[in-house]
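Pasting coords_5.csv here (CSV, C-alpha atoms):
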```
chain,number,residue,atom,x,y,z
E,1,MET,CA,193.6,64.3,76.6
E,2,LYS,CA,189.9,65.1,77.1
E,3,ILE,CA,190.7,66.4,80.5
E,4,LYS,CA,193.4,68.6,79.0
E,5,ALA,CA,191.0,70.0,76.4
E,6,ALA,CA,188.4,70.7,79.1
E,7,LEU,CA,191.0,72.5,81.3
E,8,ILE,CA,192.1,74.7,78.4
E,9,SER,CA,188.4,75.5,77.5
E,10,LEU,CA,187.8,76.4,81.2
E,11,ALA,CA,190.9,78.5,81.3
E,12,ILE,CA,189.8,80.4,78.1
E,13,ILE,CA,186.3,81.1,79.6
E,14,LEU,CA,187.7,82.2,82.9
E,15,GLY,CA,190.4,84.3,81.2
E,16,LEU,CA,187.8,86.1,79.1
E,17,ALA,CA,185.6,86.7,82.1
E,18,VAL,CA,188.5,88.1,84.1
E,19,GLY,CA,189.7,90.1,81.1
E,20,PHE,CA,186.3,91.5,80.6
E,21,ILE,CA,186.0,92.5,84.3
E,22,PHE,CA,189.5,94.1,84.6
E,23,PHE,CA,190.1,95.4,81.1
E,24,ARG,CA,186.7,96.6,80.0
E,25,PRO,CA,186.6,100.3,79.2
E,26,HIS,CA,185.6,102.6,82.1
E,27,THR,CA,181.9,103.5,81.8
E,28,PHE,CA,181.6,107.2,82.4
E,29,HIS,CA,178.5,108.6,84.1
E,30,GLY,CA,178.2,111.5,81.7
E,31,SER,CA,178.7,112.1,78.0
E,32,VAL,CA,182.3,111.6,76.8
E,33,ILE,CA,183.5,114.3,74.4
E,34,GLN,CA,186.3,113.5,72.0
E,35,SER,CA,187.2,117.0,71.0
E,36,PRO,CA,190.4,117.4,69.0
E,37,GLU,CA,190.9,120.9,70.2
E,38,PRO,CA,191.3,122.4,73.7
E,39,ALA,CA,188.2,123.9,75.4
E,40,PHE,CA,187.7,127.7,74.9
E,41,ASP,CA,190.0,129.5,77.3
E,42,PHE,CA,188.6,132.5,79.1
E,43,THR,CA,189.6,135.0,81.8
E,44,LEU,CA,187.1,136.3,84.4
E,45,SER,CA,187.4,138.0,87.8
E,46,GLY,CA,187.8,136.2,91.1
E,47,SER,CA,188.2,137.6,94.6
E,48,ASN,CA,192.0,137.4,94.2
E,49,GLY,CA,192.2,138.9,90.7
E,50,ASP,CA,191.8,137.5,87.2
E,51,VAL,CA,191.3,133.8,86.8
E,52,SER,CA,192.0,132.1,83.5
E,53,LEU,CA,191.0,128.6,82.7
E,54,SER,CA,194.6,127.9,81.4
E,55,ASP,CA,195.9,128.7,84.9
E,56,PHE,CA,194.8,125.2,85.9
E,57,ARG,CA,196.6,123.1,83.2
E,58,GLY,CA,197.9,120.1,85.0
E,59,LYS,CA,194.7,119.7,87.1
E,60,VAL,CA,191.4,118.1,86.2
E,61,VAL,CA,189.0,121.1,86.1
E,62,LEU,CA,185.3,121.0,86.8
E,63,ILE,CA,183.3,123.9,85.3
E,64,TYR,CA,179.9,124.8,86.6
E,65,PHE,CA,177.6,127.7,85.7
E,66,GLY,CA,175.4,129.0,88.4
E,67,TYR,CA,174.7,131.9,90.8
E,68,THR,CA,174.6,132.6,94.5
E,69,PHE,CA,170.8,133.2,94.6
E,70,CYS,CA,170.2,129.8,93.0
E,71,PRO,CA,167.6,128.1,95.3
E,72,ASP,CA,168.3,124.4,94.8
E,73,ILE,CA,170.1,123.1,91.6
E,74,CYS,CA,173.4,125.0,92.1
E,75,PRO,CA,173.9,124.3,95.8
E,76,GLY,CA,172.9,120.6,95.3
E,77,THR,CA,175.4,120.2,92.5
E,78,LEU,CA,178.2,122.0,94.4
E,79,ALA,CA,177.5,120.0,97.5
E,80,ASN,CA,177.8,116.8,95.5
E,81,VAL,CA,181.1,117.8,94.0
E,82,ALA,CA,182.4,118.8,97.5
E,83,GLN,CA,181.4,115.4,98.8
E,84,ALA,CA,183.0,113.6,95.9
E,85,LEU,CA,186.3,115.4,96.5
E,86,ARG,CA,186.2,114.6,100.3
E,87,SER,CA,185.8,111.0,99.4
E,88,MET,CA,188.9,111.1,97.2
E,89,GLY,CA,191.4,112.1,99.9
E,90,ASP,CA,194.7,113.6,98.7
E,91,LYS,CA,193.7,113.0,95.1
E,92,ALA,CA,191.2,115.9,95.4
E,93,GLU,CA,194.2,118.3,95.3
E,94,GLU,CA,194.6,117.5,91.7
E,95,VAL,CA,191.0,118.7,90.9
E,96,GLN,CA,189.8,122.3,90.7
E,97,LEU,CA,186.1,123.4,90.6
E,98,ILE,CA,185.3,126.7,89.0
E,99,MET,CA,181.8,128.2,89.0
E,100,VAL,CA,181.1,130.9,86.5
E,101,SER,CA,178.4,133.2,87.7
E,102,LEU,CA,175.4,133.7,85.5
E,103,ASP,CA,174.3,136.7,87.6
E,104,PRO,CA,177.0,139.4,87.2
E,105,GLU,CA,174.5,142.1,88.5
E,106,ARG,CA,174.4,140.6,92.0
E,107,ASP,CA,177.4,138.2,92.3
E,108,THR,CA,180.5,140.2,93.1
E,109,PRO,CA,183.8,138.3,93.2
E,110,GLU,CA,183.8,138.7,97.0
E,111,LYS,CA,180.3,137.4,97.4
E,112,LEU,CA,181.1,134.5,95.2
E,113,ALA,CA,184.2,133.7,97.2
E,114,GLU,CA,182.2,133.6,100.4
E,115,TYR,CA,179.5,131.5,98.8
E,116,MET,CA,181.9,128.9,97.3
E,117,GLY,CA,183.8,128.6,100.6
E,118,HIS,CA,180.7,127.2,102.2
E,119,PHE,CA,181.0,124.1,100.0
E,120,ASP,CA,184.8,123.6,99.8
E,121,PRO,CA,187.7,126.0,100.5
E,122,SER,CA,189.3,125.1,97.2
E,123,PHE,CA,186.2,126.1,95.1
E,124,ILE,CA,186.6,129.2,93.0
E,125,GLY,CA,183.8,131.5,91.8
E,126,ILE,CA,184.3,134.0,88.9
E,127,THR,CA,182.3,136.6,87.2
E,128,GLY,CA,182.6,139.3,84.5
E,129,THR,CA,180.6,141.6,82.4
E,130,LYS,CA,177.4,140.4,80.8
E,131,ALA,CA,179.1,140.4,77.3
E,132,GLN,CA,181.9,138.2,78.7
E,133,ILE,CA,179.5,135.8,80.4
E,134,ASP,CA,177.4,135.6,77.2
E,135,GLU,CA,180.5,134.6,75.2
E,136,VAL,CA,181.6,131.9,77.7
E,137,THR,CA,178.1,130.5,78.1
E,138,ALA,CA,177.5,130.4,74.4
E,139,LEU,CA,180.7,128.4,73.8
E,140,TYR,CA,180.1,126.0,76.6
E,141,GLY,CA,176.5,125.3,75.5
E,142,ILE,CA,175.0,126.9,78.5
E,143,PHE,CA,171.7,128.7,77.9
E,144,TYR,CA,170.5,131.1,80.6
E,145,GLN,CA,167.8,133.7,81.1
E,146,LYS,CA,166.2,135.7,83.8
E,147,ALA,CA,163.0,134.4,85.3
E,148,GLU,CA,160.5,135.6,87.8
E,149,GLY,CA,161.5,135.0,91.4
E,150,SER,CA,160.1,135.5,94.9
E,151,GLU,CA,160.1,138.8,96.8
E,152,ALA,CA,163.3,137.7,98.6
E,153,THR,CA,165.2,136.8,95.5
E,154,ASN,CA,163.7,139.4,93.1
E,155,TYR,CA,164.6,137.3,90.1
E,156,LEU,CA,165.8,133.9,89.4
E,157,ILE,CA,167.9,132.6,86.5
E,158,ASP,CA,166.9,129.6,84.4
E,159,HIS,CA,170.0,127.8,83.1
E,160,THR,CA,171.4,124.7,81.7
E,161,ALA,CA,172.6,122.7,84.7
E,162,THR,CA,175.3,120.5,83.3
E,163,LEU,CA,178.7,120.0,85.0
E,164,MET,CA,181.7,119.8,82.7
E,165,VAL,CA,185.1,118.1,83.2
E,166,LEU,CA,188.3,119.2,81.5
E,167,ASP,CA,191.3,117.0,81.5
E,168,ARG,CA,194.8,118.1,82.7
E,169,GLU,CA,195.6,119.4,79.2
E,170,GLY,CA,192.5,121.6,79.0
E,171,PHE,CA,190.4,119.4,76.7
E,172,LEU,CA,186.7,119.0,77.5
E,173,LYS,CA,186.3,115.3,78.2
E,174,LEU,CA,183.0,114.8,80.1
E,175,VAL,CA,179.6,116.4,80.5
E,176,PHE,CA,177.6,115.3,83.5
E,177,PRO,CA,173.9,115.8,83.4
E,178,TYR,CA,172.0,117.4,86.3
E,179,GLY,CA,171.4,114.8,89.0
E,180,VAL,CA,174.8,113.1,88.9
E,181,THR,CA,175.6,111.8,92.3
E,182,SER,CA,178.8,112.4,94.4
E,183,GLU,CA,179.8,108.7,94.0
E,184,GLU,CA,179.5,108.9,90.2
E,185,ILE,CA,181.5,112.1,90.1
E,186,ALA,CA,184.2,110.6,92.3
E,187,ASP,CA,184.3,107.4,90.2
E,188,ASP,CA,184.9,109.3,86.9
E,189,LEU,CA,187.4,111.8,88.4
E,190,LYS,CA,189.5,109.0,89.9
E,191,TYR,CA,189.6,107.3,86.5
E,192,MET,CA,190.6,110.5,84.8
E,193,LEU,CA,193.3,111.2,87.3
E,194,ARG,CA,194.8,107.8,86.6
E,195,GLN,CA,195.1,108.6,82.9
F,1,MET,CA,203.9,75.7,85.7
F,2,ASN,CA,203.3,73.0,83.1
F,3,LYS,CA,202.8,73.4,79.4
F,4,THR,CA,199.0,73.2,79.5
F,5,VAL,CA,198.8,76.4,81.6
F,6,PHE,CA,201.1,78.3,79.3
F,7,ASN,CA,199.1,77.1,76.3
F,8,ALA,CA,195.9,78.3,78.0
F,9,ILE,CA,197.5,81.8,78.7
F,10,TYR,CA,198.6,82.1,75.0
F,11,ILE,CA,195.2,81.1,73.8
F,12,ILE,CA,193.5,83.7,76.1
F,13,ALA,CA,195.8,86.5,75.1
F,14,GLY,CA,195.5,85.5,71.4
F,15,SER,CA,191.7,85.4,71.5
F,16,LEU,CA,191.6,88.8,73.3
F,17,VAL,CA,193.9,90.5,70.7
F,18,LEU,CA,192.0,88.8,67.9
F,19,SER,CA,188.6,89.9,69.2
F,20,ILE,CA,189.8,93.6,69.6
F,21,PHE,CA,191.3,93.4,66.1
F,22,ALA,CA,188.1,92.0,64.7
F,23,PHE,CA,186.0,94.7,66.4
F,24,LYS,CA,188.2,97.4,64.9
F,25,VAL,CA,188.4,95.8,61.4
F,26,PHE,CA,184.8,94.7,60.9
F,27,GLN,CA,183.3,97.5,63.0
F,28,PRO,CA,180.1,95.6,64.0
F,29,ILE,CA,178.9,98.9,65.5
F,30,GLN,CA,179.4,102.3,64.0
F,31,VAL,CA,179.0,105.6,65.7
F,32,LEU,CA,179.5,109.3,65.0
F,33,PRO,CA,182.2,111.1,67.1
F,34,ARG,CA,181.2,113.3,70.0
F,35,MET,CA,183.1,116.3,68.6
F,36,ARG,CA,182.3,119.2,70.9
F,37,LEU,CA,179.4,121.0,72.6
F,38,ALA,CA,177.1,122.9,70.3
F,39,PRO,CA,176.9,126.6,71.3
F,40,ALA,CA,173.9,127.8,73.4
F,41,TYR,CA,171.8,130.6,72.0
F,42,SER,CA,168.6,132.6,72.2
F,43,PHE,CA,167.4,133.5,68.7
F,44,ILE,CA,164.2,135.0,67.3
F,45,ASP,CA,162.5,132.9,64.7
F,46,GLN,CA,160.4,133.8,61.6
F,47,ASN,CA,157.3,134.3,63.7
F,48,GLY,CA,159.1,136.7,66.1
F,49,GLN,CA,159.2,134.0,68.8
F,50,PRO,CA,162.2,133.1,70.8
F,51,LEU,CA,164.0,129.8,69.8
F,52,THR,CA,166.7,128.8,72.3
F,53,SER,CA,169.1,125.9,72.4
F,54,GLU,CA,166.9,124.4,75.2
F,55,THR,CA,163.7,124.6,73.1
F,56,LEU,CA,164.9,121.8,70.8
F,57,ARG,CA,166.7,119.7,73.5
F,58,GLY,CA,166.1,116.0,72.7
F,59,HIS,CA,165.8,116.7,68.9
F,60,PHE,CA,168.4,115.8,66.3
F,61,ILE,CA,169.1,119.3,64.8
F,62,LEU,CA,170.6,120.1,61.4
F,63,TYR,CA,172.0,123.6,61.4
F,64,SER,CA,172.7,125.6,58.2
F,65,PHE,CA,173.8,129.2,57.6
F,66,THR,CA,172.7,131.7,55.0
F,67,TYR,CA,171.2,135.2,54.5
F,68,THR,CA,168.1,136.0,52.5
F,69,HIS,CA,170.0,138.4,50.1
F,70,CYS,CA,172.4,135.7,49.2
F,71,PRO,CA,172.7,135.8,45.4
F,72,ALA,CA,171.1,132.8,43.7
F,73,PRO,CA,171.8,129.9,43.7
F,74,CYS,CA,173.4,130.5,47.1
F,75,TYR,CA,175.0,127.0,47.5
F,76,ASN,CA,171.6,125.2,47.2
F,77,SER,CA,171.8,124.2,50.9
F,78,ASN,CA,168.0,124.8,51.2
F,79,ASP,CA,167.5,122.1,48.4
F,80,THR,CA,169.5,119.7,50.5
F,81,ILE,CA,167.4,120.3,53.6
F,82,LYS,CA,164.2,119.9,51.6
F,83,GLU,CA,165.4,116.6,50.2
F,84,ILE,CA,166.4,115.4,53.7
F,85,GLN,CA,163.0,116.4,55.0
F,86,SER,CA,161.1,114.6,52.3
F,87,ARG,CA,163.2,111.4,52.7
F,88,LEU,CA,163.2,111.3,56.5
F,89,SER,CA,160.7,108.3,56.4
F,90,GLU,CA,163.5,106.2,54.9
F,91,VAL,CA,165.4,106.4,58.2
F,92,ASP,CA,164.4,104.5,61.4
F,93,LEU,CA,164.5,107.4,63.8
F,94,GLY,CA,162.8,105.5,66.7
F,95,GLY,CA,160.5,108.4,67.2
F,96,ILE,CA,163.3,110.9,67.8
F,97,PRO,CA,162.2,114.3,66.3
F,98,VAL,CA,164.4,116.0,63.7
F,99,SER,CA,164.5,119.8,63.4
F,100,PHE,CA,166.2,122.1,60.9
F,101,VAL,CA,167.5,125.5,62.0
F,102,THR,CA,168.7,127.9,59.4
F,103,ILE,CA,170.7,130.8,61.0
F,104,SER,CA,170.8,134.1,59.2
F,105,ILE,CA,174.1,135.9,59.4
F,106,ASP,CA,172.5,139.2,58.3
F,107,PRO,CA,170.3,140.4,61.2
F,108,ASP,CA,170.1,144.0,59.8
F,109,ARG,CA,168.0,142.9,56.8
F,110,ASP,CA,166.7,139.5,58.0
F,111,THR,CA,163.9,140.6,60.2
F,112,PRO,CA,161.3,137.9,61.3
F,113,GLU,CA,159.1,139.1,58.4
F,114,ALA,CA,161.9,138.7,55.9
F,115,LEU,CA,162.7,135.3,57.2
F,116,LYS,CA,159.1,134.3,57.0
F,117,ALA,CA,158.8,135.4,53.4
F,118,TYR,CA,162.1,133.6,52.6
F,119,GLY,CA,160.7,130.4,54.2
F,120,ASP,CA,157.4,130.8,52.4
F,121,ALA,CA,159.2,131.1,49.1
F,122,LEU,CA,160.9,127.8,49.9
F,123,ASN,CA,157.6,126.2,50.8
F,124,ALA,CA,159.2,125.3,54.1
F,125,ASP,CA,157.4,123.4,56.8
F,126,PHE,CA,157.8,125.8,59.7
F,127,SER,CA,156.8,123.1,62.3
F,128,GLN,CA,160.1,121.5,61.6
F,129,TRP,CA,162.2,124.1,59.9
F,130,HIS,CA,163.1,127.3,61.8
F,131,PHE,CA,164.7,130.4,60.4
F,132,VAL,CA,166.4,132.5,63.1
F,133,THR,CA,168.8,135.2,63.9
F,134,THR,CA,169.7,137.7,66.7
F,135,ASP,CA,170.3,141.4,66.7
F,136,ASN,CA,173.4,140.9,68.9
F,137,LYS,CA,176.0,140.7,66.2
F,138,ALA,CA,178.9,140.1,68.5
F,139,LEU,CA,177.2,137.1,70.0
F,140,LEU,CA,176.0,135.9,66.6
F,141,LYS,CA,179.6,135.9,65.4
F,142,THR,CA,180.6,133.9,68.6
F,143,ILE,CA,177.8,131.4,68.1
F,144,VAL,CA,178.2,130.9,64.3
F,145,GLY,CA,182.0,131.6,64.0
F,146,ALA,CA,183.4,130.1,67.1
F,147,GLY,CA,180.6,127.7,68.2
F,148,PHE,CA,179.6,126.2,64.9
F,149,GLU,CA,183.1,127.0,63.4
F,150,THR,CA,181.5,128.4,60.3
F,151,TYR,CA,183.3,131.3,58.8
F,152,TYR,CA,181.5,134.4,57.5
F,153,GLU,CA,182.3,138.0,57.0
F,154,ASP,CA,180.3,141.1,55.9
F,155,LYS,CA,181.9,142.3,52.7
F,156,GLY,CA,180.2,145.7,53.1
F,157,ASN,CA,178.6,145.7,49.7
F,158,GLY,CA,175.4,143.9,50.8
F,159,GLU,CA,177.1,140.5,50.4
F,160,PHE,CA,178.8,138.2,52.8
F,161,ALA,CA,181.7,135.9,52.4
F,162,LEU,CA,180.4,132.6,53.8
F,163,ASP,CA,181.8,129.1,54.1
F,164,PRO,CA,178.5,127.3,54.0
F,165,GLY,CA,177.9,123.9,55.4
F,166,PHE,CA,175.7,121.8,57.8
F,167,VAL,CA,176.3,120.9,61.5
F,168,LEU,CA,174.5,117.9,63.0
F,169,VAL,CA,173.8,118.1,66.7
F,170,ASP,CA,172.3,115.3,68.9
F,171,GLY,CA,169.7,115.6,71.6
F,172,TRP,CA,172.2,116.2,74.3
F,173,GLY,CA,173.6,119.3,72.5
F,174,ILE,CA,176.7,117.6,71.2
F,175,ILE,CA,178.0,118.2,67.7
F,176,ARG,CA,178.3,114.9,66.0
F,177,SER,CA,179.1,115.7,62.4
F,178,GLU,CA,180.0,118.7,60.2
F,179,TYR,CA,179.5,118.9,56.4
F,180,ARG,CA,181.4,121.4,54.4
F,181,TYR,CA,179.3,122.3,51.4
F,182,THR,CA,180.3,120.3,48.3
F,183,THR,CA,178.9,120.0,44.9
F,184,GLU,CA,180.5,116.6,44.3
F,185,VAL,CA,178.9,114.4,46.9
F,186,SER,CA,175.3,114.4,47.9
F,187,ASP,CA,175.1,115.8,51.4
F,188,ALA,CA,171.6,114.6,51.7
F,189,ASP,CA,172.5,110.9,51.4
F,190,ARG,CA,175.3,111.2,54.0
F,191,ILE,CA,173.2,113.2,56.5
F,192,LEU,CA,170.3,110.8,56.2
F,193,ARG,CA,172.7,107.9,56.9
F,194,HIS,CA,174.2,109.7,59.9
F,195,LEU,CA,170.7,110.4,61.3
F,196,GLY,CA,170.1,106.6,61.2
F,197,VAL,CA,173.4,105.9,62.9
F,198,LEU,CA,172.6,108.4,65.7
F,199,ALA,CA,169.1,107.0,66.2
F,200,GLU,CA,170.5,103.5,66.4
F,201,GLU,CA,173.0,104.6,69.1
F,202,VAL,CA,170.3,106.3,71.2
F,203,GLN,CA,168.0,103.3,71.0
F,204,ASN,CA,170.5,100.6,71.7
F,205,SER,CA,173.0,102.3,73.9
F,206,THR,CA,171.6,101.1,77.2
F,207,GLY,CA,172.5,98.5,79.7
F,208,THR,CA,175.3,96.1,78.6
F,209,THR,CA,175.1,97.2,75.0
F,210,LYS,CA,176.3,100.6,76.1
F,211,LEU,CA,179.7,99.0,76.7
F,212,ALA,CA,179.8,97.9,73.0
F,213,TYR,CA,178.9,101.5,71.9
F,214,GLU,CA,181.5,103.0,74.2
F,215,ALA,CA,184.0,100.5,72.7
F,216,ALA,CA,183.0,101.7,69.2
F,217,HIS,CA,183.8,105.3,70.3
F,218,LEU,CA,187.1,104.1,71.9
F,219,PHE,CA,188.2,102.3,68.8
F,220,LEU,CA,187.0,105.2,66.5
F,221,CYS,CA,184.5,103.0,64.6
F,222,TYR,CA,183.1,106.1,62.8
F,223,ALA,CA,180.4,105.8,60.2
F,224,PRO,CA,181.6,107.0,56.8
```

Written form, structure tokens:
Amino acid sequence: MKIKAALISLAIILGLAVGFIFFRPHTFHGSVIQSPEPAFDFTLSGSNGDVSLSDFRGKVVLIYFGYTFCPDICPGTLANVAQALRSMGDKAEEVQLIMVSLDPERDTPEKLAEYMGHFDPSFIGITGTKAQIDEVTALYGIFYQKAEGSEATNYLIDHTATLMVLDREGFLKLVFPYGVTSEEIADDLKYMLRQ
Amino acid sequence: MNKTVFNAIYIIAGSLVLSIFAFKVFQPIQVLPRMRLAPAYSFIDQNGQPLTSETLRGHFILYSFTYTHCPAPCYNSNDTIKEIQSRLSEVDLGGIPVSFVTISIDPDRDTPEALKAYGDALNADFSQWHFVTTDNKALLKTIVGAGFETYYEDKGNGEFALDPGFVLVDGWGIIRSEYRYTTEVSDADRILRHLGVLAEEVQNSTGTTKLAYEAAHLFLCYAP
């Protein structure tokens, strides 16, 4: 009888341990947002015409705000996303990265397309008028302003460097801080694609 | 398989279901929902200095909305802020700074000088309480109307229709609670309690306890 009780106790402990490992909630590497409403939809210009956020319903969408003259933060983040997608194999086809330009003066749709292609052929860059960009950035919590640059760049743009993830239904689900690694991005995207 | 193994499986499953049920019912940890991103902005404050959404990153910020020509008593939202400010020491904030930002919806008349006079009349502590607006009316409408989801409209007779309230934003720029103005319940008590809940989450949500906090979010264990 004592052996039986010990075995049951052991089974409970083992079961709880296994349950904890396999059924614990996924720990995201960014801030999870539980918004009851879809993210603000917008339409801006890409090299192949107008691009709306709602065009990508059914895919997990990553939104980043940057510009082609960006010296380090933007290329670093875009390279991390590209690497994360490469590590995901075929699953990457269910993910779309969109970069909204914060520099409508210099970033034409064509220039953006060329720039984004250096990171991943699926990446899309879009731009618009300053008023359009102001509206989109305000509603996505992205602050930006011109700053002094070098002779080569003329001016730089200081900006909030978060990376946002929308689920297949267009709800903002996750905000990655600057510095998130490609492994962390891939880990969270894979989890979201399983949902 | 013998009976002992089956019993063990039932007990494991039962204890798992019970523990989840107990977590949901007793809510040992309470949180505030992460509702949506707060809008970004670049305002001018009562001193004519820029105040941006990045300036106060890391602070808990309580936003309110008004205009200096608002006929008295103008919803008394300033009294609520003063009460919260004077009672902040009641809450264990763990050293996290709290700021108050009152956004004017009337940039034509609410110049920095007018906002300064308004704050002075309230005896406001400007180191913690900022009065701001922007000349860009279209963007102001986007920020206040769409971003903070606070309705206002210029009635054209010097008055505004305004649905007043407060919006609480955490240090990551995420809206954690909204308070529609009410005369029935003390907003100050509720907001002070929520500041404590937020501070507790920031201080304890690291390492393994982060899992417990994420579970509280998952099971919607929201503080009343």

Min atom-atom distance to chain F from the set E:Lys173, E:Lys59, E:Lys91, E:Lys146, counting only C-alpha atoms, belongs to E:Lys173

Given only C-alpha atoms as the basis, pick out the residue of F:Asn123, F:Leu32, F:Glu90, F:Tyr179 nearest to Leu218 in chain F.
F:Leu32

For Ala38 in chain F, the nearest of the candidates E:Thr137, E:Gln83, E:Thr129, E:Thr77, counting all atoms listed in the file
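Nearest candidate to Ala38 in chain F out of E:Thr137, E:Gln83, E:Thr129, E:Thr77: E:Thr137.
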
Using only C-alpha atoms, which residues sit within 10 Å of Ile185 in chain E once same-chain residues fewer than 3 positions away are excluded, as a VMD selection string?
chain E and resid 28 to 30 80 to 81 83 to 85 163 165 176 180 to 182 188 to 190

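The shortest atom-to-atom distance to chain F, with only C-alpha atoms taken into account, belongs to E:Thr162 out of E:Ser54, E:Thr162, E:Ser45, E:Ser122.
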
Per residue of chain F within 6 Å of chain E, what are the shortest atom pair and its distance in Å to one decimal, counting only C-alpha atoms, with rows by chain and residue number, as a tab-separated table?
```
residue	atom	partner	partner_atom	distance
F:Ala8	CA	E:Ile8	CA	5.2
F:Ile12	CA	E:Ile12	CA	5.3
F:Arg34	CA	E:Ile33	CA	5.1
F:Met35	CA	E:Ser35	CA	4.8
F:Arg36	CA	E:Ser35	CA	5.4
F:Leu37	CA	E:Gly141	CA	5.9
F:Ala38	CA	E:Gly141	CA	5.8
F:Pro39	CA	E:Gly141	CA	4.4
F:Ala40	CA	E:Gly141	CA	4.2
F:Gly147	CA	E:Leu139	CA	5.6
```

With C-alpha atoms kept, could you save the residues just selected as a PDB file, in the frame of the given file?
```pdb
ATOM      1  CA  ALA F   8     195.900  78.300  78.000  1.00  0.00           C
ATOM      2  CA  ILE F  12     193.500  83.700  76.100  1.00  0.00           C
ATOM      3  CA  ARG F  34     181.200 113.300  70.000  1.00  0.00           C
ATOM      4  CA  MET F  35     183.100 116.300  68.600  1.00  0.00           C
ATOM      5  CA  ARG F  36     182.300 119.200  70.900  1.00  0.00           C
ATOM      6  CA  LEU F  37     179.400 121.000  72.600  1.00  0.00           C
ATOM      7  CA  ALA F  38     177.100 122.900  70.300  1.00  0.00           C
ATOM      8  CA  PRO F  39     176.900 126.600  71.300  1.00  0.00           C
ATOM      9  CA  ALA F  40     173.900 127.800  73.400  1.00  0.00           C
ATOM     10  CA  GLY F 147     180.600 127.700  68.200  1.00  0.00           C
TER      11      GLY F 147
END
```

When you draw a straight line from CA of Pro71 in chain E to CA of Glu148 in chain E, how long is it in Å?
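Here the two named atoms are 12.8 Å from each other.
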
Interatomic distance (Å, one decimal) between CA of Gly89 in chain E and CA of Thr127 in chain E:
29.1 Å

Nearest to Cys70 in chain F, chosen from F:Val197, F:Ala121, F:Ala161, F:Ile44, with only C-alpha atoms counted in the distances
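Among the listed residues, F:Ala161 lies closest to Cys70 in chain F.
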
Please identify all polymer residues within 8 Å of range 95-98 of chain E, counting all atoms listed in the file, omitting same-chain residues fewer than 6 positions from it, and present them as a ChimeraX atom specification.
/E:56,59-64,122-126

Give me, please, the distance in Å between CA of Asp92 in chain F and CA of Glu149 in chain F, quoted to one decimal.
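Computing the Euclidean distance for CA of Asp92 in chain F and CA of Glu149 in chain F yields 29.3 Å.
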
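Of the residues under consideration (F:Leu18, F:Leu195, F:Ala146, F:Ala212), F:Leu195 shows the shortest atom-to-atom contact distance to Leu93 in chain F when counting all atoms listed in the file.
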
At a cut-off of 12 Å, using all atoms listed in the file, what residues contact Asp45 in chain F? Leave out same-chain residues fewer than 6 positions from it and give the result as number ranges by chain.
F: 51-52, 55, 101-104, 107, 110-116, 119, 126-127, 129-135

Neighbours of Leu62 in chain F within 8 Å (only C-alpha atoms; same-chain residues fewer than 6 positions away dropped), as a ChimeraX atom specification?
/F:98-101,166-169

Would you output that residue set with C-alpha atoms, as an mmCIF file, in the frame of the given file?
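Final output, selection_6.cif:
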```
data_model
loop_
_atom_site.group_PDB
_atom_site.id
_atom_site.type_symbol
_atom_site.label_atom_id
_atom_site.label_comp_id
_atom_site.auth_asym_id
_atom_site.auth_seq_id
_atom_site.Cartn_x
_atom_site.Cartn_y
_atom_site.Cartn_z
ATOM 1 C CA VAL F 98 164.400 116.000 63.700
ATOM 2 C CA SER F 99 164.500 119.800 63.400
ATOM 3 C CA PHE F 100 166.200 122.100 60.900
ATOM 4 C CA VAL F 101 167.500 125.500 62.000
ATOM 5 C CA PHE F 166 175.700 121.800 57.800
ATOM 6 C CA VAL F 167 176.300 120.900 61.500
ATOM 7 C CA LEU F 168 174.500 117.900 63.000
ATOM 8 C CA VAL F 169 173.800 118.100 66.700
#
```
